[in-house]
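The data block below is model26.csv; it holds CSV, C-alpha atoms and all ligand atoms.
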chain,number,residue,atom,x,y,z
A,1,MET,CA,18.9,8.8,6.4
A,2,GLN,CA,17.5,6.7,3.7
A,3,LYS,CA,19.0,3.3,4.5
A,4,THR,CA,17.6,0.5,2.4
A,5,GLN,CA,17.1,-2.9,4.0
A,6,LYS,CA,16.6,-6.0,1.8
A,7,LEU,CA,14.1,-8.5,3.2
A,8,TYR,CA,15.2,-12.1,3.0
A,9,MET,CA,12.3,-13.7,1.0
A,10,PRO,CA,12.8,-16.4,-1.6
A,11,ASP,CA,10.9,-15.9,-4.9
A,12,ALA,CA,10.5,-12.2,-4.1
A,13,GLU,CA,12.2,-8.8,-4.2
A,14,VAL,CA,11.3,-6.6,-1.3
A,15,SER,CA,13.1,-3.8,0.3
A,16,TYR,CA,12.3,-1.4,3.2
A,17,ILE,CA,13.4,2.1,3.9
A,18,ALA,CA,12.4,2.8,7.6
A,19,HIS,CA,13.1,6.5,7.5
A,20,PHE,CA,12.2,7.5,4.0
A,21,LEU,CA,10.6,10.7,5.2
A,22,SER,CA,11.7,12.6,8.4
A,23,GLY,CA,9.3,12.7,11.3
A,24,GLU,CA,8.4,16.4,10.6
A,25,GLU,CA,7.7,15.7,6.9
A,26,SER,CA,5.7,12.7,7.8
A,27,ASP,CA,3.5,14.6,10.3
A,28,ALA,CA,2.9,17.3,7.8
A,29,TYR,CA,2.0,14.9,5.0
A,30,PHE,CA,-0.3,12.9,7.3
A,31,ARG,CA,-2.2,16.1,8.2
A,32,LYS,CA,-2.5,17.2,4.6
A,33,LEU,CA,-3.7,13.9,3.3
A,34,MET,CA,-6.3,13.5,6.1
A,35,GLU,CA,-7.6,16.9,5.0
A,36,GLN,CA,-7.3,16.9,1.3
A,37,VAL,CA,-7.9,13.4,0.1
A,38,SER,CA,-11.5,12.5,-0.8
A,39,TRP,CA,-11.8,9.4,1.4
A,40,GLN,CA,-14.5,7.0,0.3
A,41,GLN,CA,-16.3,4.1,2.0
A,42,GLU,CA,-16.4,1.4,-0.7
A,43,SER,CA,-18.0,-2.0,-0.5
A,44,ILE,CA,-16.8,-5.4,-1.4
A,45,LYS,CA,-18.7,-8.5,-2.2
A,46,LEU,CA,-17.9,-11.2,0.3
A,47,PHE,CA,-19.6,-14.6,0.0
A,48,GLY,CA,-22.2,-13.0,-2.3
A,49,LYS,CA,-23.0,-10.2,0.1
A,50,LEU,CA,-22.0,-6.6,-0.1
A,51,GLN,CA,-20.0,-5.5,2.9
A,52,PRO,CA,-18.4,-2.2,3.7
A,53,MET,CA,-14.6,-2.4,3.3
A,54,PRO,CA,-12.8,-2.3,6.7
A,55,ARG,CA,-11.0,0.9,5.8
A,56,LEU,CA,-11.5,4.0,3.7
A,57,THR,CA,-9.9,4.3,0.3
A,58,ALA,CA,-9.2,6.8,-2.5
A,59,TRP,CA,-7.7,6.4,-6.0
A,60,TYR,CA,-5.8,9.1,-7.9
A,61,GLY,CA,-4.1,8.8,-11.2
A,62,ASP,CA,-4.1,9.0,-14.9
A,63,LYS,CA,-6.2,5.9,-15.9
A,64,GLY,CA,-9.1,3.8,-14.7
A,65,TYR,CA,-8.4,0.4,-13.1
A,66,THR,CA,-10.2,-2.5,-11.5
A,67,TYR,CA,-9.3,-3.3,-7.9
A,68,SER,CA,-11.0,-5.9,-5.7
A,69,GLY,CA,-13.7,-6.2,-8.3
A,70,LEU,CA,-14.5,-2.5,-8.3
A,71,HIS,CA,-14.0,-0.3,-11.2
A,72,ASN,CA,-12.7,3.0,-9.9
A,73,ARG,CA,-12.4,6.1,-12.0
A,74,PRO,CA,-9.3,7.8,-10.6
A,75,GLN,CA,-9.4,11.4,-9.4
A,76,PRO,CA,-7.0,13.8,-10.9
A,77,TRP,CA,-3.7,14.1,-9.0
A,78,LEU,CA,-3.5,16.5,-6.0
A,79,PRO,CA,-0.3,18.6,-5.7
A,80,VAL,CA,0.6,16.8,-2.4
A,81,LEU,CA,0.3,13.4,-4.1
A,82,GLN,CA,2.4,14.5,-7.1
A,83,GLU,CA,5.0,15.7,-4.6
A,84,LEU,CA,5.1,12.3,-2.9
A,85,LYS,CA,5.1,10.5,-6.2
A,86,ARG,CA,8.2,12.4,-7.3
A,87,LYS,CA,10.0,11.5,-4.1
A,88,VAL,CA,9.0,7.8,-4.4
A,89,GLU,CA,10.1,7.8,-8.0
A,90,LEU,CA,13.5,9.2,-7.2
A,91,ALA,CA,14.1,6.7,-4.4
A,92,SER,CA,12.8,3.7,-6.4
A,93,GLY,CA,14.1,4.5,-9.8
A,94,HIS,CA,10.6,3.7,-11.3
A,95,THR,CA,7.8,5.9,-12.5
A,96,PHE,CA,4.1,5.5,-11.4
A,97,ASN,CA,0.9,6.6,-13.0
A,98,SER,CA,-1.5,6.0,-10.1
A,99,VAL,CA,-1.8,5.8,-6.3
A,100,LEU,CA,-4.3,3.9,-4.2
A,101,LEU,CA,-4.7,5.3,-0.7
A,102,ASN,CA,-6.0,3.4,2.4
A,103,LEU,CA,-7.0,4.9,5.7
A,104,TYR,CA,-7.1,2.6,8.7
A,105,ARG,CA,-9.0,4.6,11.2
A,106,THR,CA,-8.6,2.1,14.1
A,107,GLY,CA,-6.9,-1.2,14.8
A,108,GLN,CA,-10.2,-2.8,13.7
A,109,ASN,CA,-9.5,-1.5,10.1
A,110,SER,CA,-7.5,-4.0,8.0
A,111,MET,CA,-6.7,-5.5,4.7
A,112,GLY,CA,-7.1,-9.2,4.0
A,113,TRP,CA,-4.7,-11.6,2.3
A,114,HIS,CA,-4.2,-10.7,-1.4
A,115,SER,CA,-1.5,-10.1,-4.0
A,116,ASP,CA,-1.5,-7.2,-6.3
A,117,ASP,CA,-1.5,-9.3,-9.4
A,118,GLU,CA,-4.3,-7.9,-11.6
A,119,ALA,CA,-3.5,-8.1,-15.3
A,120,ALA,CA,-3.5,-4.3,-15.6
A,121,LEU,CA,-0.5,-4.1,-13.4
A,122,GLY,CA,1.6,-6.2,-15.8
A,123,GLN,CA,3.8,-9.2,-15.3
A,124,GLU,CA,6.2,-8.1,-12.5
A,125,PRO,CA,4.6,-5.0,-11.0
A,126,VAL,CA,6.7,-2.6,-9.0
A,127,ILE,CA,4.6,-1.4,-6.0
A,128,ALA,CA,5.9,1.4,-3.7
A,129,SER,CA,4.1,1.5,-0.4
A,130,LEU,CA,4.4,4.6,1.7
A,131,SER,CA,3.1,4.6,5.3
A,132,LEU,CA,2.2,7.5,7.5
A,133,GLY,CA,0.7,7.6,11.0
A,134,GLY,CA,0.2,4.7,13.4
A,135,GLU,CA,2.5,1.7,13.1
A,136,ARG,CA,0.8,-1.4,11.8
A,137,LYS,CA,2.1,-4.9,11.1
A,138,PHE,CA,2.3,-6.0,7.5
A,139,ARG,CA,2.5,-9.7,6.9
A,140,PHE,CA,3.8,-11.8,3.9
A,141,ARG,CA,2.9,-15.4,3.3
A,142,HIS,CA,4.3,-17.6,0.5
A,143,LYS,CA,1.4,-18.9,-1.8
A,144,THR,CA,2.6,-22.5,-2.2
A,145,ARG,CA,5.7,-23.3,0.0
A,146,LYS,CA,4.6,-24.3,3.5
A,147,ASP,CA,8.3,-24.7,4.5
A,148,ILE,CA,8.8,-20.9,4.2
A,149,GLU,CA,8.0,-18.9,7.3
A,150,PRO,CA,5.7,-15.9,7.0
A,151,VAL,CA,7.5,-12.6,7.1
A,152,ASN,CA,6.4,-9.7,9.4
A,153,VAL,CA,7.4,-6.1,8.9
A,154,THR,CA,6.2,-3.2,11.1
A,155,LEU,CA,5.5,-0.3,8.7
A,156,ASN,CA,6.4,2.8,10.6
A,157,HIS,CA,5.5,6.5,10.1
A,158,GLY,CA,7.4,7.8,7.1
A,159,SER,CA,8.6,4.4,5.8
A,160,LEU,CA,8.7,3.1,2.2
A,161,LEU,CA,8.3,-0.6,1.3
A,162,LEU,CA,9.1,-1.6,-2.3
A,163,MET,CA,7.8,-4.8,-3.8
A,164,GLN,CA,8.9,-5.8,-7.2
A,165,GLY,CA,10.1,-8.7,-9.4
A,166,PRO,CA,8.2,-12.0,-8.8
A,167,THR,CA,6.9,-10.9,-5.3
A,168,GLN,CA,3.2,-10.7,-6.3
A,169,HIS,CA,3.4,-14.1,-8.2
A,170,HIS,CA,4.6,-16.0,-5.2
A,171,TRP,CA,3.5,-14.1,-2.0
A,172,LEU,CA,0.3,-12.8,-0.4
A,173,HIS,CA,0.3,-9.9,2.0
A,174,GLN,CA,-2.1,-8.5,4.6
A,175,VAL,CA,-2.6,-5.8,7.2
A,176,PRO,CA,-4.2,-7.7,10.1
A,177,LYS,CA,-6.5,-6.2,12.7
A,178,THR,CA,-5.0,-5.4,16.0
A,179,ALA,CA,-6.5,-5.2,19.5
A,180,ARG,CA,-3.8,-2.7,20.5
A,181,ALA,CA,-4.8,1.0,20.7
A,182,VAL,CA,-3.2,2.4,17.5
A,183,GLU,CA,-3.2,5.8,15.9
A,184,PRO,CA,-4.9,6.2,12.5
A,185,ARG,CA,-2.7,5.1,9.6
A,186,ILE,CA,-2.6,6.2,6.0
A,187,ASN,CA,-1.0,4.0,3.3
A,188,LEU,CA,-0.2,5.0,-0.2
A,189,THR,CA,0.6,2.4,-2.8
A,190,PHE,CA,2.1,3.8,-6.0
A,191,ARG,CA,1.5,1.6,-9.0
A,192,ASN,CA,1.7,1.5,-12.8
A,193,VAL,CA,-1.6,0.7,-14.4
A,194,ASN,CA,-1.7,-0.2,-18.1
A,195,VAL,CA,-5.2,0.0,-19.7
B,1,LIG,O1,-1.8,-0.7,3.9
B,1,LIG,C1,-0.9,-1.4,3.5
B,1,LIG,O2,0.2,-1.4,4.0
B,1,LIG,C2,-1.1,-2.4,2.4
B,1,LIG,C3,-1.9,-1.9,1.3
B,1,LIG,C4,-2.1,-2.9,0.2
B,1,LIG,O3,-1.6,-4.0,0.3
B,1,LIG,C5,-2.7,-2.5,-1.1
B,1,LIG,O4,-3.3,-1.4,-1.2
B,1,LIG,O5,-2.8,-3.3,-2.0
B,2,FE,FE,-1.5,-5.0,-1.7
Spell out the structure here as structure tokens.
Ligand SMILES: O=C(O)CCC(=O)C(=O)O
Ligand SMILES: [Fe+2]
Amino acid sequence: MQKTQKLYMPDAEVSYIAHFLSGEESDAYFRKLMEQVSWQQESIKLFGKLQPMPRLTAWYGDKGYTYSGLHNRPQPWLPVLQELKRKVELASGHTFNSVLLNLYRTGQNSMGWHSDDEAALGQEPVIASLSLGGERKFRFRHKTRKDIEPVNVTLNHGSLLLMQGPTQHHWLHQVPKTARAVEPRINLTFRNVNV
């Protein structure tokens, strides 16, 4: 059942569909993506030093795009990614021309605080984030208002999180490390990139 839950967040528009894909579908997509995606170990510049990113990534789509200071030439769509893109487009009512994939191999893999506010994503980007595999915590924090509490969502196997409207202007998000033993997790963020 695709029940949409609206998160209560001022200055944002975020909704969550916990059971976007069935358990069986989710298992099958997880296995296919582990196998078929060309996972890369990229580096990021942190305090002037090149460091390996604490996760593997891959980029598929129609156009090139700069992300975390890296210019990635996207790889051509795989059939499995086009299939997922179609499902996400139907559910969200938006179209997408690229997907960024993240593979968090252990609880020590993570993503730091950021917002997806690169110019190439446009003024009020719609970002559809599909999660497969181990559950991880996803945190939101308002950029300027200290009176607003951070928001935590557990992104489960087969869930879809939709961020749109002014969300990226006003909020940061992260996937923190966890000391718990967690299964590997794949996240796909579908985006629209204008070049
Ligand atoms: O793994 C996630 O849920 C978050 C991914 C993300 O924020 C991003 O790719 O920009
Ligand atoms: Fe993000």
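Comparing the minimum interatomic distances between Asn102 of chain A and each of A:Pro150, A:Pro54, A:Pro125, A:Gly23, counting only C-alpha atoms, we find that A:Pro54 sits nearest.
Closest approach to His142 of chain A from the set A:Ala12, A:Leu172, A:Ala181, A:Val80 is made by A:Leu172, with distances taken over all atoms listed in the file.
Using all atoms listed in the file, the shortest contact distance between Arg86 of chain A and any of A:Gln41, A:Asp147, A:His157, A:Phe190 is found at A:Phe190.
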* Just give me the gap between atom CA of Lys6 of chain A and atom CA of Leu130 of chain A in Å, one decimal is fine. => 16.2 Å
* Asked: Near Ser129 of chain A, within 7 Å and counting all atoms listed in the file, which residues show up once chain neighbours fewer than 6 positions away are dropped, as a ChimeraX atom specification?
  -> /A:160-162,187-190
Output C-alpha atoms of each residue in that selection to a file, as a PDB file, in the frame of the given file.
ATOM      1  CA  LEU A 160       8.700   3.100   2.200  1.00  0.00           C
ATOM      2  CA  LEU A 161       8.300  -0.600   1.300  1.00  0.00           C
ATOM      3  CA  LEU A 162       9.100  -1.600  -2.300  1.00  0.00           C
ATOM      4  CA  ASN A 187      -1.000   4.000   3.300  1.00  0.00           C
ATOM      5  CA  LEU A 188      -0.200   5.000  -0.200  1.00  0.00           C
ATOM      6  CA  THR A 189       0.600   2.400  -2.800  1.00  0.00           C
ATOM      7  CA  PHE A 190       2.100   3.800  -6.000  1.00  0.00           C
TER       8      PHE A 190
END
Give me, as a short mmCIF file (atom, residue, chain, number, x, y, z; two decimals) with C-alpha atoms, keeping the file's coordinate frame, all polymer residues having an atom no more than 12 Å from Leu90 of chain A, counting only C-alpha atoms and skipping those fewer than 6 positions away in the same chain.
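Once written, part-v2.cif looks like this:
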data_model
loop_
_atom_site.label_atom_id
_atom_site.label_comp_id
_atom_site.auth_asym_id
_atom_site.auth_seq_id
_atom_site.Cartn_x
_atom_site.Cartn_y
_atom_site.Cartn_z
CA GLN A 2 17.50 6.70 3.70
CA PHE A 20 12.20 7.50 4.00
CA GLU A 83 5.00 15.70 -4.60
CA LEU A 84 5.10 12.30 -2.90
CA PHE A 96 4.10 5.50 -11.40
CA ALA A 128 5.90 1.40 -3.70
#
Grab me every residue within 8 Å of ligand LIG 1 (chain B), counting only C-alpha atoms and all ligand atoms, and send it over as a compact mmCIF listing (two decimals) with C-alpha atoms, keeping the file's coordinate frame.
# COMPACT_ATOMS: atom_id res chain seq x y z
CA LEU A 100 -4.30 3.90 -4.20
CA LEU A 101 -4.70 5.30 -0.70
CA ASN A 102 -6.00 3.40 2.40
CA LEU A 103 -7.00 4.90 5.70
CA TYR A 104 -7.10 2.60 8.70
CA SER A 110 -7.50 -4.00 8.00
CA MET A 111 -6.70 -5.50 4.70
CA HIS A 114 -4.20 -10.70 -1.40
CA SER A 115 -1.50 -10.10 -4.00
CA ASP A 116 -1.50 -7.20 -6.30
CA SER A 129 4.10 1.50 -0.40
CA LEU A 130 4.40 4.60 1.70
CA SER A 131 3.10 4.60 5.30
CA ARG A 136 0.80 -1.40 11.80
CA PHE A 138 2.30 -6.00 7.50
CA LEU A 155 5.50 -0.30 8.70
CA HIS A 173 0.30 -9.90 2.00
CA GLN A 174 -2.10 -8.50 4.60
CA VAL A 175 -2.60 -5.80 7.20
CA ILE A 186 -2.60 6.20 6.00
CA ASN A 187 -1.00 4.00 3.30
CA LEU A 188 -0.20 5.00 -0.20
CA THR A 189 0.60 2.40 -2.80
* Asked: Which residues, protein or nucleic acid, reach to within 12 Å of (-7.1, 5.9, -2.9) in the file's coordinates when using only C-alpha atoms, and can you give that as an MDAnalysis selection string?
  -> chainID A and resid 33:34 36:42 55:61 65 67 72:78 81 98:103 186:191
Please save C-alpha atoms of the selected residues as a tab-separated table (two decimals), keeping the file's coordinate frame.
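File written: result-v2.tsv
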chain	number	residue	atom	x	y	z
A	33	LEU	CA	-3.70	13.90	3.30
A	34	MET	CA	-6.30	13.50	6.10
A	36	GLN	CA	-7.30	16.90	1.30
A	37	VAL	CA	-7.90	13.40	0.10
A	38	SER	CA	-11.50	12.50	-0.80
A	39	TRP	CA	-11.80	9.40	1.40
A	40	GLN	CA	-14.50	7.00	0.30
A	41	GLN	CA	-16.30	4.10	2.00
A	42	GLU	CA	-16.40	1.40	-0.70
A	55	ARG	CA	-11.00	0.90	5.80
A	56	LEU	CA	-11.50	4.00	3.70
A	57	THR	CA	-9.90	4.30	0.30
A	58	ALA	CA	-9.20	6.80	-2.50
A	59	TRP	CA	-7.70	6.40	-6.00
A	60	TYR	CA	-5.80	9.10	-7.90
A	61	GLY	CA	-4.10	8.80	-11.20
A	65	TYR	CA	-8.40	0.40	-13.10
A	67	TYR	CA	-9.30	-3.30	-7.90
A	72	ASN	CA	-12.70	3.00	-9.90
A	73	ARG	CA	-12.40	6.10	-12.00
A	74	PRO	CA	-9.30	7.80	-10.60
A	75	GLN	CA	-9.40	11.40	-9.40
A	76	PRO	CA	-7.00	13.80	-10.90
A	77	TRP	CA	-3.70	14.10	-9.00
A	78	LEU	CA	-3.50	16.50	-6.00
A	81	LEU	CA	0.30	13.40	-4.10
A	98	SER	CA	-1.50	6.00	-10.10
A	99	VAL	CA	-1.80	5.80	-6.30
A	100	LEU	CA	-4.30	3.90	-4.20
A	101	LEU	CA	-4.70	5.30	-0.70
A	102	ASN	CA	-6.00	3.40	2.40
A	103	LEU	CA	-7.00	4.90	5.70
A	186	ILE	CA	-2.60	6.20	6.00
A	187	ASN	CA	-1.00	4.00	3.30
A	188	LEU	CA	-0.20	5.00	-0.20
A	189	THR	CA	0.60	2.40	-2.80
A	190	PHE	CA	2.10	3.80	-6.00
A	191	ARG	CA	1.50	1.60	-9.00
* For ligand FE 2 (chain B), which residue out of A:Ala91, A:Ile127, A:Met53, A:Ala179 is the nearest one, using all atoms listed in the file? -> A:Ile127
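Shortest separation to ligand FE 2 (chain B) among A:Val126, A:Val195, A:Leu21, A:Val182 occurs at residue A:Val126, atoms counted being all atoms listed in the file.
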With 12 Å as the threshold, what does the neighbourhood of (14.5, -14.6, -3.2) contain in terms of residues, counting all atoms listed in the file? Coordinates are those of the file; answer as a PDB file with C-alpha atoms, in the coordinates of the input.
ATOM      1  CA  LYS A   6      16.600  -6.000   1.800  1.00  0.00           C
ATOM      2  CA  LEU A   7      14.100  -8.500   3.200  1.00  0.00           C
ATOM      3  CA  TYR A   8      15.200 -12.100   3.000  1.00  0.00           C
ATOM      4  CA  MET A   9      12.300 -13.700   1.000  1.00  0.00           C
ATOM      5  CA  PRO A  10      12.800 -16.400  -1.600  1.00  0.00           C
ATOM      6  CA  ASP A  11      10.900 -15.900  -4.900  1.00  0.00           C
ATOM      7  CA  ALA A  12      10.500 -12.200  -4.100  1.00  0.00           C
ATOM      8  CA  GLU A  13      12.200  -8.800  -4.200  1.00  0.00           C
ATOM      9  CA  VAL A  14      11.300  -6.600  -1.300  1.00  0.00           C
ATOM     10  CA  SER A  15      13.100  -3.800   0.300  1.00  0.00           C
ATOM     11  CA  HIS A 142       4.300 -17.600   0.500  1.00  0.00           C
ATOM     12  CA  ILE A 148       8.800 -20.900   4.200  1.00  0.00           C
ATOM     13  CA  MET A 163       7.800  -4.800  -3.800  1.00  0.00           C
ATOM     14  CA  GLN A 164       8.900  -5.800  -7.200  1.00  0.00           C
ATOM     15  CA  GLY A 165      10.100  -8.700  -9.400  1.00  0.00           C
ATOM     16  CA  PRO A 166       8.200 -12.000  -8.800  1.00  0.00           C
ATOM     17  CA  THR A 167       6.900 -10.900  -5.300  1.00  0.00           C
ATOM     18  CA  HIS A 170       4.600 -16.000  -5.200  1.00  0.00           C
ATOM     19  CA  TRP A 171       3.500 -14.100  -2.000  1.00  0.00           C
TER      20      TRP A 171
END
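The residue that comes closest to ligand FE 2 (chain B), out of A:His169, A:Asn192, A:Asp117, A:Val151 and on the basis of only C-alpha atoms and all ligand atoms, is A:Asp117.
Between atom CA of Asn97 of chain A and atom CA of Phe30 of chain A the interatomic distance comes to 21.3 Å.
Taking atom CA of Lys137 of chain A and atom CA of Thr154 of chain A as endpoints, the distance between them is 4.4 Å.
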Extract segment 173-186 of chain A from the preceding block and save N, CA and C atoms as a PDB file, in the first residue's frame.
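Once written, out04.pdb looks like this:
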ATOM      1  N   HIS A 173      20.478  18.043   5.187  1.00  0.00           N
ATOM      2  CA  HIS A 173      20.192  16.658   5.576  1.00  0.00           C
ATOM      3  C   HIS A 173      21.491  15.852   5.607  1.00  0.00           C
ATOM      4  N   GLN A 174      21.446  14.725   6.329  1.00  0.00           N
ATOM      5  CA  GLN A 174      22.620  13.859   6.433  1.00  0.00           C
ATOM      6  C   GLN A 174      22.178  12.423   6.698  1.00  0.00           C
ATOM      7  N   VAL A 175      23.101  11.495   6.442  1.00  0.00           N
ATOM      8  CA  VAL A 175      22.940  10.098   6.854  1.00  0.00           C
ATOM      9  C   VAL A 175      24.109   9.819   7.790  1.00  0.00           C
ATOM     10  N   PRO A 176      23.869   9.867   9.123  1.00  0.00           N
ATOM     11  CA  PRO A 176      24.997   9.720  10.053  1.00  0.00           C
ATOM     12  C   PRO A 176      25.522   8.287  10.106  1.00  0.00           C
ATOM     13  N   LYS A 177      26.754   8.171  10.535  1.00  0.00           N
ATOM     14  CA  LYS A 177      27.319   6.847  10.818  1.00  0.00           C
ATOM     15  C   LYS A 177      26.527   6.224  11.955  1.00  0.00           C
ATOM     16  N   THR A 178      26.542   4.900  12.046  1.00  0.00           N
ATOM     17  CA  THR A 178      25.921   4.245  13.189  1.00  0.00           C
ATOM     18  C   THR A 178      26.814   3.107  13.671  1.00  0.00           C
ATOM     19  N   ALA A 179      26.844   2.908  14.995  1.00  0.00           N
ATOM     20  CA  ALA A 179      27.650   1.825  15.575  1.00  0.00           C
ATOM     21  C   ALA A 179      26.884   0.503  15.531  1.00  0.00           C
ATOM     22  N   ARG A 180      25.567   0.588  15.243  1.00  0.00           N
ATOM     23  CA  ARG A 180      24.768  -0.641  15.139  1.00  0.00           C
ATOM     24  C   ARG A 180      25.250  -1.479  13.956  1.00  0.00           C
ATOM     25  N   ALA A 181      25.051  -2.793  14.046  1.00  0.00           N
ATOM     26  CA  ALA A 181      25.349  -3.645  12.895  1.00  0.00           C
ATOM     27  C   ALA A 181      24.197  -3.466  11.904  1.00  0.00           C
ATOM     28  N   VAL A 182      24.482  -2.944  10.713  1.00  0.00           N
ATOM     29  CA  VAL A 182      23.417  -2.726   9.728  1.00  0.00           C
ATOM     30  C   VAL A 182      23.772  -3.427   8.425  1.00  0.00           C
ATOM     31  N   GLU A 183      22.757  -3.814   7.711  1.00  0.00           N
ATOM     32  CA  GLU A 183      22.933  -4.403   6.381  1.00  0.00           C
ATOM     33  C   GLU A 183      23.363  -3.285   5.417  1.00  0.00           C
ATOM     34  N   PRO A 184      24.037  -3.653   4.317  1.00  0.00           N
ATOM     35  CA  PRO A 184      24.353  -2.638   3.314  1.00  0.00           C
ATOM     36  C   PRO A 184      23.069  -1.961   2.810  1.00  0.00           C
ATOM     37  N   ARG A 185      23.205  -0.702   2.437  1.00  0.00           N
ATOM     38  CA  ARG A 185      22.049   0.067   1.984  1.00  0.00           C
ATOM     39  C   ARG A 185      22.366   0.740   0.656  1.00  0.00           C
ATOM     40  N   ILE A 186      21.391   0.708  -0.247  1.00  0.00           N
ATOM     41  CA  ILE A 186      21.497   1.448  -1.506  1.00  0.00           C
ATOM     42  C   ILE A 186      20.467   2.565  -1.481  1.00  0.00           C
TER      43      ILE A 186
END
